[in-house]
Structures are given as structure tokens and as C-alpha cells.
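Asker: Got final19.txt for you, compact mmCIF, C-alpha atoms and all ligand atoms:
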# COMPACT_ATOMS: atom_id res chain seq x y z
CA MET A 300 351.25 45.04 99.53
CA PRO A 301 350.31 43.09 96.40
CA GLY A 302 352.13 44.12 93.25
CA HIS A 303 350.64 44.77 89.85
CA ALA A 304 348.77 41.75 88.45
CA ILE A 305 349.34 40.82 84.83
CA ASP A 306 346.16 39.50 83.22
CA LEU A 307 346.88 36.26 81.33
CA ASN A 308 343.54 36.14 79.54
CA VAL A 309 343.28 37.05 75.88
CA GLY A 310 341.54 40.32 74.95
CA VAL A 311 339.15 40.14 72.01
CA VAL A 312 338.36 43.19 69.85
CA PRO A 313 334.60 43.29 69.15
CA GLN A 314 333.85 42.50 65.50
CA GLY A 315 330.06 42.35 65.36
CA ALA A 316 327.93 39.34 64.43
CA PRO A 317 328.60 36.70 63.25
CA ILE A 318 332.41 37.03 63.60
CA ASP A 319 332.28 37.45 67.41
CA GLY A 320 330.50 34.09 67.60
CA LEU A 321 333.11 32.41 65.40
CA ILE A 322 336.00 33.74 67.48
CA GLY A 323 334.22 32.70 70.68
CA GLU A 324 333.57 29.20 69.33
CA ILE A 325 337.22 28.67 68.37
CA LEU A 326 338.60 30.09 71.66
CA ASP A 327 336.14 27.87 73.56
CA ILE A 328 337.35 24.83 71.61
CA LEU A 329 340.96 25.77 72.37
CA GLY A 330 340.07 26.30 76.05
CA VAL A 331 341.65 29.75 76.05
CA GLY A 332 340.41 32.22 78.70
CA TYR A 333 339.28 35.43 77.03
CA GLY A 334 337.43 38.66 77.67
CA PRO A 335 336.98 42.13 76.21
CA LEU A 336 340.10 43.99 75.14
CA ALA A 337 341.83 45.64 78.12
CA PRO A 338 344.60 48.28 78.08
CA ASP A 339 347.13 45.77 79.44
CA SER A 340 346.04 42.67 77.47
CA THR A 341 349.14 40.54 76.89
CA CYS A 342 347.61 39.22 73.70
CA VAL A 343 344.80 40.62 71.60
CA ILE A 344 342.65 38.85 69.00
CA ASP A 345 341.53 40.96 66.07
CA THR A 346 340.82 40.40 62.38
CA ARG A 347 342.54 41.96 59.41
CA ALA A 348 339.12 42.49 57.86
CA ARG A 349 338.04 44.72 60.78
CA VAL A 350 341.31 46.64 60.83
CA ALA A 351 340.96 47.31 57.09
CA ARG A 352 337.47 48.68 57.77
CA GLU A 353 337.92 50.57 61.01
CA GLY A 354 341.62 50.92 61.69
CA PRO A 355 343.73 49.71 64.62
CA ALA A 356 342.07 49.01 67.97
CA GLY A 357 344.78 50.33 70.27
CA MET A 358 343.85 51.35 73.80
CA GLY A 359 346.50 53.97 74.34
CA ARG A 360 349.42 51.71 73.53
CA PRO A 361 349.83 48.94 70.96
CA ASN A 362 348.98 45.45 72.21
CA PRO A 363 350.58 42.37 70.65
CA THR A 364 347.90 41.22 68.21
CA VAL A 365 347.03 37.87 66.67
CA TYR A 366 344.89 38.16 63.55
CA PHE A 367 342.24 35.46 63.62
CA ASP A 368 341.73 35.50 59.85
CA ASP A 369 345.44 34.76 59.25
CA PHE A 370 344.71 31.27 60.59
CA LEU A 371 341.03 30.68 59.91
CA PRO A 372 339.25 32.04 56.83
CA THR A 373 336.11 33.48 58.44
CA ASP A 374 333.78 32.80 55.48
CA GLU A 375 334.85 29.19 55.27
CA LEU A 376 334.51 28.75 59.04
CA LEU A 377 331.08 30.38 59.08
CA PHE A 378 329.78 28.25 56.21
CA SER A 379 331.09 25.12 57.91
CA LEU A 380 329.46 25.98 61.22
CA GLN A 381 326.22 26.72 59.39
CA GLY A 382 326.27 23.28 57.74
CA ARG A 383 327.09 24.43 54.22
CA PRO A 384 330.81 23.82 53.72
CA GLY A 385 332.43 23.97 50.30
CA ILE A 386 332.50 20.89 48.09
CA ILE A 387 334.89 18.24 49.35
CA THR A 388 336.89 16.84 46.47
CA GLU A 389 339.19 14.46 48.38
CA SER A 390 338.01 10.98 49.44
CA HIS A 391 339.04 11.86 53.02
CA ALA A 392 338.48 15.28 54.61
CA GLU A 393 341.19 16.34 57.03
CA PRO A 394 340.23 18.49 60.04
CA LYS A 395 341.84 21.52 58.44
CA LEU A 396 339.94 24.17 60.42
CA SER A 397 340.99 22.49 63.68
CA ALA A 398 344.56 22.53 62.35
CA GLY A 399 344.17 26.28 61.71
CA ALA A 400 342.83 26.74 65.25
CA SER A 401 345.86 24.90 66.59
CA ARG A 402 348.20 27.28 64.73
CA LEU A 403 346.20 30.21 66.10
CA PHE A 404 346.80 28.91 69.61
CA GLN A 405 350.53 28.53 68.98
CA SER A 406 350.64 32.16 67.87
CA ILE A 407 348.73 33.30 70.99
CA ARG A 408 351.07 31.29 73.18
CA SER A 409 354.15 32.78 71.50
CA HIS A 410 353.04 36.28 72.62
CA PHE A 411 352.95 35.15 76.26
CA TRP A 412 356.27 33.40 75.93
CA ALA A 413 357.84 36.46 74.30
CA ARG A 414 357.11 38.33 77.55
CA ASP A 415 358.33 35.38 79.62
CA LEU A 416 354.78 34.65 80.78
CA PRO A 417 353.01 31.28 80.91
CA CYS A 418 349.95 30.59 78.77
CA VAL A 419 347.05 28.88 80.57
CA THR A 420 344.23 26.90 78.95
CA LYS A 421 341.62 24.35 79.99
CA SER A 422 342.78 20.77 79.39
CA TYR A 423 340.83 19.22 76.55
CA TRP A 424 339.71 15.95 78.12
CA PRO A 425 339.65 14.32 81.56
CA GLN A 426 343.14 13.42 82.83
CA ASP A 427 344.52 15.45 79.93
CA ALA A 428 343.84 12.54 77.55
CA PRO A 429 345.11 13.25 74.02
CA GLY A 430 341.70 12.63 72.49
CA CYS A 431 338.19 11.37 73.06
CA LEU A 432 336.88 8.13 71.54
CA VAL A 433 333.12 8.03 70.95
CA LEU A 434 331.83 4.69 69.67
CA THR A 435 328.35 4.67 68.19
CA HIS A 436 326.09 2.12 66.52
CA ASP A 437 323.21 3.06 64.27
CA VAL A 438 320.77 0.18 64.64
CA ASP A 439 319.10 0.00 61.23
CA TRP A 440 318.05 -3.64 61.49
CA LEU A 441 317.06 -5.96 64.28
CA ASP A 442 317.41 -8.95 62.01
CA TYR A 443 319.61 -9.44 58.99
CA SER A 444 320.26 -12.06 56.37
CA PRO A 445 323.15 -12.78 54.03
CA ALA A 446 320.80 -11.96 51.15
CA HIS A 447 321.71 -8.28 51.58
CA ARG A 448 323.84 -7.07 48.70
CA ALA A 449 326.44 -5.63 51.07
CA VAL A 450 327.30 -9.12 52.33
CA MET A 451 328.11 -10.42 48.87
CA LYS A 452 330.49 -7.55 48.09
CA GLY A 453 334.12 -8.63 48.08
CA LYS A 454 333.40 -12.21 49.20
CA ALA A 455 334.62 -15.38 47.57
CA VAL A 456 331.70 -17.26 45.97
CA HIS A 457 332.13 -20.35 48.14
CA ARG A 458 332.07 -18.27 51.32
CA TYR A 459 328.99 -16.40 50.24
CA VAL A 460 327.18 -19.60 49.24
CA GLY A 461 328.13 -21.06 52.63
CA LEU A 462 326.50 -18.12 54.41
CA LEU A 463 323.34 -18.43 52.31
CA TYR A 464 323.21 -22.16 52.96
CA GLY A 465 323.60 -21.59 56.69
CA TYR A 466 320.73 -19.13 56.58
CA ALA A 467 318.55 -21.55 54.61
CA VAL A 468 319.03 -24.30 57.17
CA GLY A 469 318.14 -22.02 60.07
CA LYS A 470 321.25 -20.03 61.15
CA ARG A 471 320.08 -16.57 62.16
CA PHE A 472 322.06 -13.36 61.98
CA GLY A 473 320.63 -11.28 64.74
CA PRO A 474 321.11 -7.76 65.92
CA ASN A 475 324.61 -8.50 67.36
CA ILE A 476 323.89 -6.16 70.25
CA ASP A 477 324.85 -8.65 72.99
CA TYR A 478 327.93 -9.51 70.99
CA ILE A 479 329.03 -5.88 70.61
CA ILE A 480 328.50 -5.18 74.30
CA GLN A 481 330.59 -8.23 75.23
CA LEU A 482 333.34 -7.19 72.83
CA GLU A 483 333.35 -3.64 74.23
CA THR A 484 333.27 -4.80 77.84
CA SER A 485 336.25 -7.05 77.20
CA LEU A 486 338.16 -4.04 75.82
CA GLY A 487 337.08 -1.76 78.69
CA VAL A 488 334.89 0.64 76.68
CA ARG A 489 331.24 1.66 76.38
CA SER A 490 329.25 3.00 73.46
CA THR A 491 326.06 4.65 72.25
CA PHE A 492 323.35 2.65 70.47
CA LEU A 493 320.97 4.63 68.29
CA PHE A 494 317.56 3.04 67.80
CA ARG A 495 314.77 3.73 65.37
CA ASN A 496 311.18 3.89 66.51
CA GLU A 497 310.04 1.53 63.79
CA TYR A 498 311.79 -1.38 62.14
CA PRO A 499 310.90 -2.98 58.81
CA SER A 500 310.96 -6.38 60.56
CA ALA A 501 311.54 -7.91 64.00
CA GLN A 502 310.07 -4.85 65.74
CA GLU A 503 309.24 -7.15 68.68
CA ARG A 504 312.97 -7.38 69.45
CA LEU A 505 313.27 -3.67 70.25
CA PRO A 506 312.31 -3.77 73.98
CA GLU A 507 314.84 -6.53 74.67
CA ALA A 508 317.55 -4.73 72.70
CA ILE A 509 316.93 -1.58 74.73
CA ARG A 510 316.94 -3.54 77.98
CA VAL A 511 320.31 -5.15 77.18
CA CYS A 512 321.85 -1.77 76.34
CA ARG A 513 320.58 -0.14 79.49
CA ALA A 514 321.76 -3.01 81.68
CA SER A 515 325.29 -2.72 80.25
CA GLY A 516 325.59 1.02 80.85
CA SER A 517 325.58 1.76 77.13
CA GLU A 518 323.78 4.92 76.08
CA ILE A 519 320.52 4.84 74.13
CA ALA A 520 320.00 7.58 71.57
CA LEU A 521 317.67 8.23 68.64
CA HIS A 522 318.32 7.05 65.11
CA ALA A 523 315.83 9.46 63.63
CA ALA A 524 314.06 8.66 60.38
CA LYS A 525 310.85 9.86 58.80
CA LYS A 526 310.81 13.60 58.13
CA SER A 527 312.38 14.87 61.33
CA HIS A 528 315.44 16.22 59.50
CA LYS A 529 313.24 18.96 58.07
CA ASN A 530 310.21 18.94 60.30
CA PRO A 531 310.53 20.17 63.91
CA THR A 532 307.19 18.64 64.94
CA ALA A 533 308.23 15.23 63.62
CA MET A 534 311.49 15.55 65.55
CA VAL A 535 309.71 16.25 68.83
CA ARG A 536 307.40 13.28 68.22
CA GLU A 537 310.24 10.90 67.34
CA LYS A 538 312.13 11.92 70.46
CA SER A 539 309.18 11.44 72.78
CA ASP A 540 308.23 8.08 71.19
CA MET A 541 311.77 6.77 71.72
CA GLU A 542 311.86 8.15 75.27
CA LYS A 543 308.74 6.14 76.02
CA ALA A 544 310.32 3.01 74.55
CA ALA A 545 313.60 3.62 76.38
CA GLY A 546 311.93 4.62 79.65
CA ALA A 547 314.40 7.49 80.05
CA PRO A 548 315.19 10.90 78.57
CA LEU A 549 317.25 10.93 75.37
CA HIS A 550 320.12 13.34 74.83
CA GLY A 551 321.17 12.95 71.23
CA LEU A 552 320.56 11.62 67.78
CA ARG A 553 321.83 10.83 64.33
CA GLU A 554 319.53 10.95 61.33
CA HIS A 555 319.22 7.76 59.28
CA ALA A 556 321.30 7.98 56.08
CA LEU A 557 322.72 11.24 57.52
CA LYS A 558 319.73 13.13 56.14
CA PHE A 559 320.62 16.75 56.61
CA GLU A 560 319.12 19.92 55.24
CA TYR A 561 320.98 23.12 55.69
CA ASP A 562 319.08 25.53 58.00
CA LYS A 563 316.41 22.91 58.76
CA THR A 564 317.91 19.89 60.47
CA TRP A 565 319.81 21.76 63.16
CA ARG A 566 316.78 23.92 63.89
CA SER A 567 314.76 20.72 64.43
CA VAL A 568 317.50 19.38 66.74
CA GLU A 569 317.51 22.63 68.72
CA GLY A 570 313.71 22.73 68.88
CA ALA A 571 313.47 19.22 70.31
CA GLY A 572 315.91 20.09 73.09
CA PHE A 573 318.67 17.61 72.32
CA ALA A 574 322.09 18.11 73.92
CA TYR A 575 323.99 16.81 70.90
CA ASP A 576 323.65 15.75 67.27
CA MET A 577 325.88 13.50 65.15
CA THR A 578 324.17 13.84 61.77
CA PHE A 579 326.45 16.25 59.95
CA GLY A 580 328.91 13.83 58.40
CA LEU A 581 329.93 12.20 55.15
CA ASN A 582 328.21 9.16 53.64
CA GLU A 583 330.44 8.26 50.73
CA LYS A 584 333.69 9.78 52.01
CA THR A 585 335.47 9.76 55.34
CA GLY A 586 336.81 12.46 57.63
CA PHE A 587 335.51 15.76 58.90
CA VAL A 588 332.91 17.39 56.69
CA GLY A 589 333.00 20.65 58.66
CA GLY A 590 336.80 20.66 58.99
CA LEU A 591 336.59 20.51 62.81
CA CYS A 592 337.48 17.46 64.87
CA HIS A 593 336.06 18.78 68.16
CA PRO A 594 332.48 19.05 69.35
CA TYR A 595 331.14 22.46 68.29
CA HIS A 596 328.03 24.61 68.38
CA PRO A 597 326.54 24.98 64.92
CA VAL A 598 325.63 28.54 63.96
CA ALA A 599 322.17 29.49 62.74
CA LEU A 600 321.66 31.73 59.71
CA ASP A 601 321.27 34.81 61.93
CA GLY A 602 324.75 34.14 63.35
CA VAL A 603 323.54 32.90 66.74
CA ARG A 604 325.23 29.78 68.12
CA HIS A 605 322.93 26.81 68.68
CA SER A 606 322.89 25.56 72.26
CA PHE A 607 323.46 21.88 71.38
CA LEU A 608 326.76 20.39 70.25
CA GLU A 609 327.54 18.69 66.97
CA ILE A 610 329.89 15.77 67.59
CA PRO A 611 331.54 15.22 64.21
CA THR A 612 331.41 11.60 62.99
CA SER A 613 334.45 10.89 60.85
CA LEU A 614 334.20 7.21 60.01
CA MET A 615 331.26 4.99 59.15
CA ASP A 616 331.59 1.31 58.30
CA TRP A 617 328.98 1.60 55.54
CA THR A 618 331.32 3.91 53.61
CA VAL A 619 334.04 1.28 53.83
CA VAL A 620 331.71 -1.49 52.63
CA ARG A 621 330.26 0.68 49.87
CA ASN A 622 333.68 1.69 48.57
CA GLY A 623 334.96 -1.90 48.75
CA MET A 624 337.90 -0.81 50.90
CA SER A 625 340.28 -3.60 51.90
CA TYR A 626 341.00 -4.49 55.54
CA LYS A 627 344.49 -3.09 55.08
CA GLY A 628 343.10 0.16 53.71
CA LEU A 629 340.67 0.42 56.61
CA VAL A 630 343.42 -0.13 59.17
CA SER A 631 345.54 2.62 57.67
CA LEU A 632 342.53 4.95 57.60
CA ILE A 633 341.82 4.20 61.28
CA ARG A 634 345.44 4.99 62.17
CA GLN A 635 345.34 8.20 60.17
CA LEU A 636 342.17 9.30 62.02
CA LYS A 637 343.60 8.31 65.38
CA ASP A 638 346.83 10.23 64.76
CA SER A 639 345.20 13.36 63.34
CA THR A 640 342.66 13.61 66.19
CA ALA A 641 345.31 12.96 68.84
CA SER A 642 347.64 15.59 67.37
CA LEU A 643 344.83 18.16 67.65
CA ASN A 644 343.37 16.81 70.93
CA GLY A 645 340.15 16.14 69.05
CA CYS A 646 337.30 13.71 69.23
CA LEU A 647 337.21 10.52 67.17
CA CYS A 648 333.55 9.59 66.76
CA VAL A 649 332.83 6.51 64.67
CA ASN A 650 329.67 4.76 63.56
CA PHE A 651 329.78 0.98 63.32
CA HIS A 652 326.35 -0.46 62.50
CA ASN A 653 325.31 -3.46 64.57
CA THR A 654 324.73 -5.46 61.38
CA TYR A 655 328.32 -4.96 60.21
CA VAL A 656 330.06 -5.83 63.48
CA ASP A 657 329.49 -9.47 62.60
CA LYS A 658 332.30 -12.00 62.45
CA ASP A 659 330.55 -14.15 59.83
CA LEU A 660 329.09 -11.58 57.52
CA PHE A 661 331.71 -8.80 57.71
CA PRO A 662 334.85 -10.27 59.27
CA GLY A 663 337.07 -7.36 58.17
CA ILE A 664 334.79 -4.76 59.78
CA GLU A 665 334.57 -6.68 63.04
CA ARG A 666 338.33 -7.08 63.20
CA ALA A 667 338.99 -3.44 62.35
CA TYR A 668 336.52 -2.33 65.03
CA ARG A 669 338.49 -4.26 67.65
CA LEU A 670 341.75 -2.81 66.38
CA LEU A 671 340.34 0.73 66.44
CA ILE A 672 339.35 0.38 70.09
CA SER A 673 342.54 -1.25 71.28
CA GLU A 674 344.83 1.17 69.45
CA CYS A 675 342.97 4.26 70.65
CA MET A 676 342.89 3.02 74.23
CA LYS A 677 346.59 2.21 74.03
CA ALA A 678 347.21 5.77 72.80
CA GLY A 679 345.48 7.06 75.96
CA PHE A 680 342.19 8.24 74.44
CA TRP A 681 339.35 8.92 76.86
CA ASN A 682 336.40 6.69 75.97
CA ALA A 683 332.99 8.27 76.49
CA THR A 684 329.47 7.71 75.30
CA ALA A 685 328.26 10.52 73.07
CA LYS A 686 326.24 11.89 75.99
CA GLU A 687 329.27 11.87 78.31
CA CYS A 688 331.37 13.57 75.64
CA ALA A 689 328.77 16.34 75.24
CA GLU A 690 328.40 16.72 79.01
CA TRP A 691 332.14 17.02 79.47
CA TRP A 692 332.50 19.53 76.65
CA THR A 693 329.68 21.67 78.08
CA ARG A 694 331.17 21.54 81.55
CA ARG A 695 334.58 22.53 80.19
CA GLU A 696 333.07 25.35 78.17
CA ARG A 697 331.17 26.78 81.14
CA CYS A 698 334.09 26.53 83.55
CA LEU A 699 335.51 29.92 84.45
CA LEU A 700 339.22 30.41 83.74
CA LYS A 701 341.05 33.52 84.91
CA ALA A 702 344.80 33.46 85.13
CA SER A 703 347.16 36.19 86.24
CA MET A 704 350.75 36.69 87.34
CA GLN A 705 351.21 38.46 90.63
CA ASP A 706 354.62 39.16 92.10
CA GLY A 707 356.10 36.58 89.77
CA SER A 708 353.74 33.77 90.77
CA LEU A 709 350.88 32.29 88.82
CA HIS A 710 347.32 32.67 90.11
CA ILE A 711 344.48 30.75 88.53
CA GLU A 712 340.79 31.15 89.29
CA PHE A 713 339.02 28.07 88.08
CA GLY A 714 335.33 27.25 88.22
CA ASP A 715 335.29 23.46 88.16
CA PRO A 716 337.73 21.06 89.86
CA ALA A 717 337.13 18.36 87.23
CA VAL A 718 338.30 20.54 84.37
CA ARG A 719 341.97 21.16 85.03
CA PRO A 720 343.97 24.17 83.87
CA LYS A 721 346.96 23.37 81.71
CA VAL A 722 349.98 25.64 81.95
CA TYR A 723 352.41 26.09 79.08
CA TRP A 724 355.59 27.59 80.54
CA PRO A 725 357.90 29.77 78.43
CA ASP A 726 360.66 27.12 78.66
CA GLY A 727 358.43 24.72 76.71
CA ARG A 728 357.28 22.59 79.63
CA SER A 729 353.56 22.03 80.10
CA GLU A 730 351.73 20.70 83.13
CA LEU A 731 348.31 20.30 84.64
CA TRP A 732 347.78 22.84 87.38
CA ALA A 733 347.05 21.16 90.67
CA PRO A 734 344.15 22.75 92.59
CA VAL A 735 346.07 22.36 95.87
CA ARG A 736 348.72 24.74 94.56
CA GLU A 737 346.02 27.15 93.54
CA VAL A 738 344.66 27.21 97.12
CA GLY A 739 348.18 27.58 98.51
CA GLY A 740 348.82 30.51 96.19
CA ARG A 741 345.94 32.56 97.52
ZN ZN B 1 320.55 4.27 59.54
Give the structure from the file, written as C-alpha cells.
Answerer:
Amino acid sequence: MPGHAIDLNVGVVPQGAPIDGLIGEILDILGVGYGPLAPDSTCVIDTRARVAREGPAGMGRPNPTVYFDDFLPTDELLFSLQGRPGIITESHAEPKLSAGASRLFQSIRSHFWARDLPCVTKSYWPQDAPGCLVLTHDVDWLDYSPAHRAVMKGKAVHRYVGLLYGYAVGKRFGPNIDYIIQLETSLGVRSTFLFRNEYPSAQERLPEAIRVCRASGSEIALHAAKKSHKNPTAMVREKSDMEKAAGAPLHGLREHALKFEYDKTWRSVEGAGFAYDMTFGLNEKTGFVGGLCHPYHPVALDGVRHSFLEIPTSLMDWTVVRNGMSYKGLVSLIRQLKDSTASLNGCLCVNFHNTYVDKDLFPGIERAYRLLISECMKAGFWNATAKECAEWWTRRERCLLKASMQDGSLHIEFGDPAVRPKVYWPDGRSELWAPVREVGGR
């Protein structure tokens, strides 16, 4: 006769909109299995704000409670998810809300451990990789010359004159797309190229550029321009024009110059049926504008979560060029980003423009791009195109997780064999749960 099963999912006390959505978003990011508060919940999530309003939420006996707002200020989180975070004063924005979410998880886990029970979550990335590396290229130009101001910046006069002379006698600085694909192939990674529908010059090169990307297995996405950041009709048109040019459906975008209008841009993205967006980022600073280093669902003004994912871009080469950052400075920034995302199992999404990954014009950027890839791969990051990252995250989010202890043994119901449960045992060990053991346990 089976004994009493102990539910290992977290019970959430209903808070009302929009707080329920915020708690759900964070628990989904953490990969924690949760459901409505039950009398025997091993760990309960509540907020101090609700308790102050309505009193304790006991169901006959007190449940060990973790207060969400001890770790994540709900106003700040809501404003971030709605695309209107507070002013960022530092030159680099740390993923501080993800750090708060991580502390929330540690507190949840401590309640399981205090009762000598394991805590089960969904692993963040395939093969339990410490982070995800998404490489993207906004293609602003299909031709380029050293006459651009950005090339001159920080260059010795003789080097700059040499580049101009080369250009004058016929050397051409092209789109670098073949070059980038070769570089990435040699390092064992793939990326996402974002194209505009219209180019100021060399428009005739677009079909070939698209062909080369498709042949290499790189993803093609939309580098939206025009008025689509505030006009849903323009967004639908831009998407369908690029789908015609690409000969395939598109899944995501980034707006040119990161044009973003609170309560407009994300509604346009949603309306056009994209799976992901990468627009909400910083132009003149680096890091995580929304404080989160994982893909997340933005929240509309009415508190409803958007269906698409925002993949937060935390480094753009243009920022580095604009700020005149040295190669050494860029390398230390890359390492800082790599370490902070890995420590939080986050996603490192970078934007290196095709024009800047150029050995002649921007040797420091090209070198740093190589270093970024090789160091992240060495650290075990999972490389994915933006589309693959969004697909994985959606799959992980939808995967059912129900864990319980029965007669002293762990039972896990899991909806998707690709997304593996991760078990944190009370003695501090953690391991991926093998599906074969799950079958054997039934
Ligand atoms: Zn652009």
C-alpha cells in the first residue's frame, strides 16, 4: 500500500493581478514547479504586501513561507517587465533582478532542505549548460567605407590614411558576412543575422547575403526600421516584406537604433506574431536594462504577460566604439558579462554589427568577438541562434514538472524528455534526473 506522498511543488498564495503574473514569470525563469497553495505545501510563496492587507494565508496549519517581495521589489520588477525601468546611473547595468530571483530560489530550497527533502527544478539549458550564448549581427550596411567617422576614432593617423588610400585605389570593405560565418564555423558556433528591408546603398547585395546566411545554417531575422516600433501595421508589413525576401517565416527582430516606445513597441511585436524580440537594451551603456539576464515575457499595461519572449541584449559593439573603450577594457567587460550570466545560469546575447567585425577597420572589435566566443564555449555555454534560444525557453516553460516523495523515494512527473529535471539534495549535491530512473521508480 503506497504511503503518504509529500508534494515537492511550491504553493503560491493568490495575490491578484499583476503580482500573480510577476511571481509566475520569476518561478518560470527559475524552473520551479508550482501550483495553488495546498494544506501540505512544503514551501509557500506569499508577499508581505498581501499579508499586511489581508492577513496570513494559513490553511489550517502554518506553512513555511518565502516572501517574494523580500527578494524582488514588486514595483521595480513590474516596471522593468513593462519596459519602463528606473533610470540607470551606472555605465554597466548588472542583472540585479535575476540576482534577487536567485536568492529567492535559495530561500525556497532551504525550506525543502530543512525538512530533509530534495528540491527539484527544470535545468536551465540543454545538457545543464551554465549559460546560453546568443550571437547576433544587426546588418545596417551592405557596403562600408573608411570614411565613416567611427573608423577614424582611436586610430593612429598613418593607419587611418592607409585605409583611406586603400579605399581610393579600389579596396572594398564589404558586408563581412562570409567572413563572419567562416569565423563562427571555425569556432563551432552559429548566429542570427538581422536584415533591413531597405539599404541606403548596395541593396542589390541583399539576396546574396540572405542566401549565404541560409546556406550556413545561420538564422535570418528582421532588423526593423521605419515606424514599426510604434506602428503595428508597419510592423506586420516589415515582417512580411522580409519573409518574402528570405523565402521563409521570420521569428524575431531587433529595432534599428533600439527604437523602443513604452507600451507601443512590444504591442507591435505581439501583434505581428513574433516569437521573440531583442530591442529592449541599452545604446550608450552596457548590461541588462531590465535587470534580468534570462529570456522573459514582457508584461502589458493591463498586467497580462505577452506571449513572445524578450531576449535581453547586454553588449553591443557600437557602444564600445562610441565610448572609445580600449581592447583591454572590452575584454574585461566581456569576462564580467560571461561570469555574471554563468553565475545566474542566464543568457548572454550580444550584438556585433557586420561592419565592425572587420580586421582592417576595427581590429579590436574583431579580436574581442573571437575571444568572447572562445571563452564562453570553453566555459561550457550552450550556443544557440536567437530562435533556438526562444524555442528552448518556451519548451522548458511549457514542460510539466511535478515532484513528490513517496515512501522515501523521489518521484518526478516530467512532460518533456529534452528538458531534464535537476535535483538539489539536502546534502548539497545536485544532479540531473535521469528519465530511466523515473520510469524505474513508477
Ligand atoms: Zn541598426
Asker: I'd like the interatomic distance between CA of Leu731 in chain A and CA of Ala304 in chain A, to a tenth of an Å.
Answerer: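 One can read the CA of Leu731 in chain A to CA of Ala304 in chain A distance as 21.8 Å.
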Asker: All residues within 8 Å of ligand ZN 1 (chain B) are required, counting only C-alpha atoms and all ligand atoms; please report them as a ChimeraX atom specification.
Answerer: /A:437-439,522,524,554-557
Asker: Hey, which of A:Arg695, A:Lys421, A:His593, A:Arg621 ends up closest to Tyr655 in chain A? Count only C-alpha atoms.
Answerer: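 Going through A:Arg695, A:Lys421, A:His593, A:Arg621 one by one, the smallest distance to Tyr655 in chain A is for A:Arg621.
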Asker: Please return, as a count of residues only, all polymer residues that have at least one atom within 10 Å of the point (348.0, 23.2, 87.4); use only C-alpha atoms and the file's own coordinate frame.
Answerer: 21
Asker: If I take CA of Lys470 in chain A and CA of Arg448 in chain A, how far is one from the other in Å, to one decimal?
Answerer: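 Rounded to one decimal, the two atoms are 18.2 Å apart.
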Asker: Using only C-alpha atoms, find the one residue out of A:Tyr478, A:Phe370, A:Phe607, A:Trp412 that sits nearest to Gly727 in chain A.
Answerer: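 Smallest distance to Gly727 in chain A is found for A:Trp412.
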Asker: Would you list the residues near (327.3, -13.4, 50.1), meaning any protein, DNA or RNA residue with an atom at most 12 Å from that point in file coordinates, counting only C-alpha atoms, as a list in words?
Answerer: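 The requested residues, written out, are Ser444, Pro445, Ala446, His447, Arg448, Ala449, Val450, Met451, Lys452, Gly453, Lys454, Ala455, Val456, His457, Arg458, Tyr459, Val460, Gly461, Leu462, Leu463, Tyr464, Gly465, Tyr466, Asp659, Leu660 and Phe661 of chain A.
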Asker: Taking only C-alpha atoms into account, which of A:Ala678, A:Val343, A:Phe573, A:Gly590 comes nearest Gly385 in chain A?
Answerer: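 For Gly385 in chain A, the nearest of the candidates is A:Gly590.
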Asker: Could you check the closest approach to Arg504 in chain A for each of A:Leu549, A:Ile344, A:Leu441, A:Ala351 and tell me which residue wins, using all atoms listed in the file?
Answerer: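 Answer, going by the shortest atom-to-atom distance: A:Leu441.
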Asker: Select from range 357-472 of chain A every residue with an atom at most 8 Å from any atom of range 634-642 of chain A, then for each give the shortest pair of atoms and their distance in Å to one decimal, using only C-alpha atoms, rows by chain and rising number, as CSV.
Answerer:
residue,atom,partner,partner_atom,distance
A:Pro394,CA,A:Ser639,CA,7.9
A:Pro429,CA,A:Ala641,CA,5.2
A:Gly430,CA,A:Ala641,CA,5.1
Asker: Using only C-alpha atoms, which residue out of A:Arg728, A:Lys563, A:Arg489, A:Arg349 lies closest to Leu432 in chain A?
Answerer: A:Arg489
Asker: So that I can see what lies close to Thr484 in chain A, please list as JSON, numbers by chain the residues with an atom at most 12 Å from it, counting all atoms listed in the file and leaving out residues fewer than 4 positions away in the same chain.
Answerer: {"A": [477, 478, 479, 480, 488, 489, 490, 512, 515, 516, 517, 669, 672, 673]}
Asker: If we count only C-alpha atoms and set the cut-off at 9 Å, which residues sit around Ser613 in chain A, ignoring sequence neighbours fewer than 5 positions away in its own chain? Please answer as JSON, numbers by chain.
Answerer: {"A": [392, 580, 581, 584, 585, 586, 587, 588, 592, 636, 647, 648, 649, 650]}
Asker: Mind checking which residues fall within 7 Å of Ala520 in chain A, counting all atoms listed in the file, ignoring those fewer than 3 positions away in the same chain, and posting them as a PyMOL selection string?
Answerer: chain A and resi 491-494+549-552
Asker: Figure out the distance between CA of Lys538 in chain A and CA of Asp616 in chain A, please, to one decimal in Å.
Answerer: 25.3 Å
Asker: For Ser406 in chain A, which residue out of A:Phe559, A:Tyr668, A:Phe367, A:Trp424 is the nearest one, using only C-alpha atoms?
Answerer: A:Phe367
Asker: With all atoms listed in the file as the counted atoms, please give the residues lying no more than 6 Å from Leu608 in chain A, apart from itself and same-chain residues fewer than 4 positions off, as a list of chain:residue names.
Answerer: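 Skipping anything fewer than 4 positions along the chain leaves A:Tyr575, A:Pro594, A:Tyr595, A:His596.
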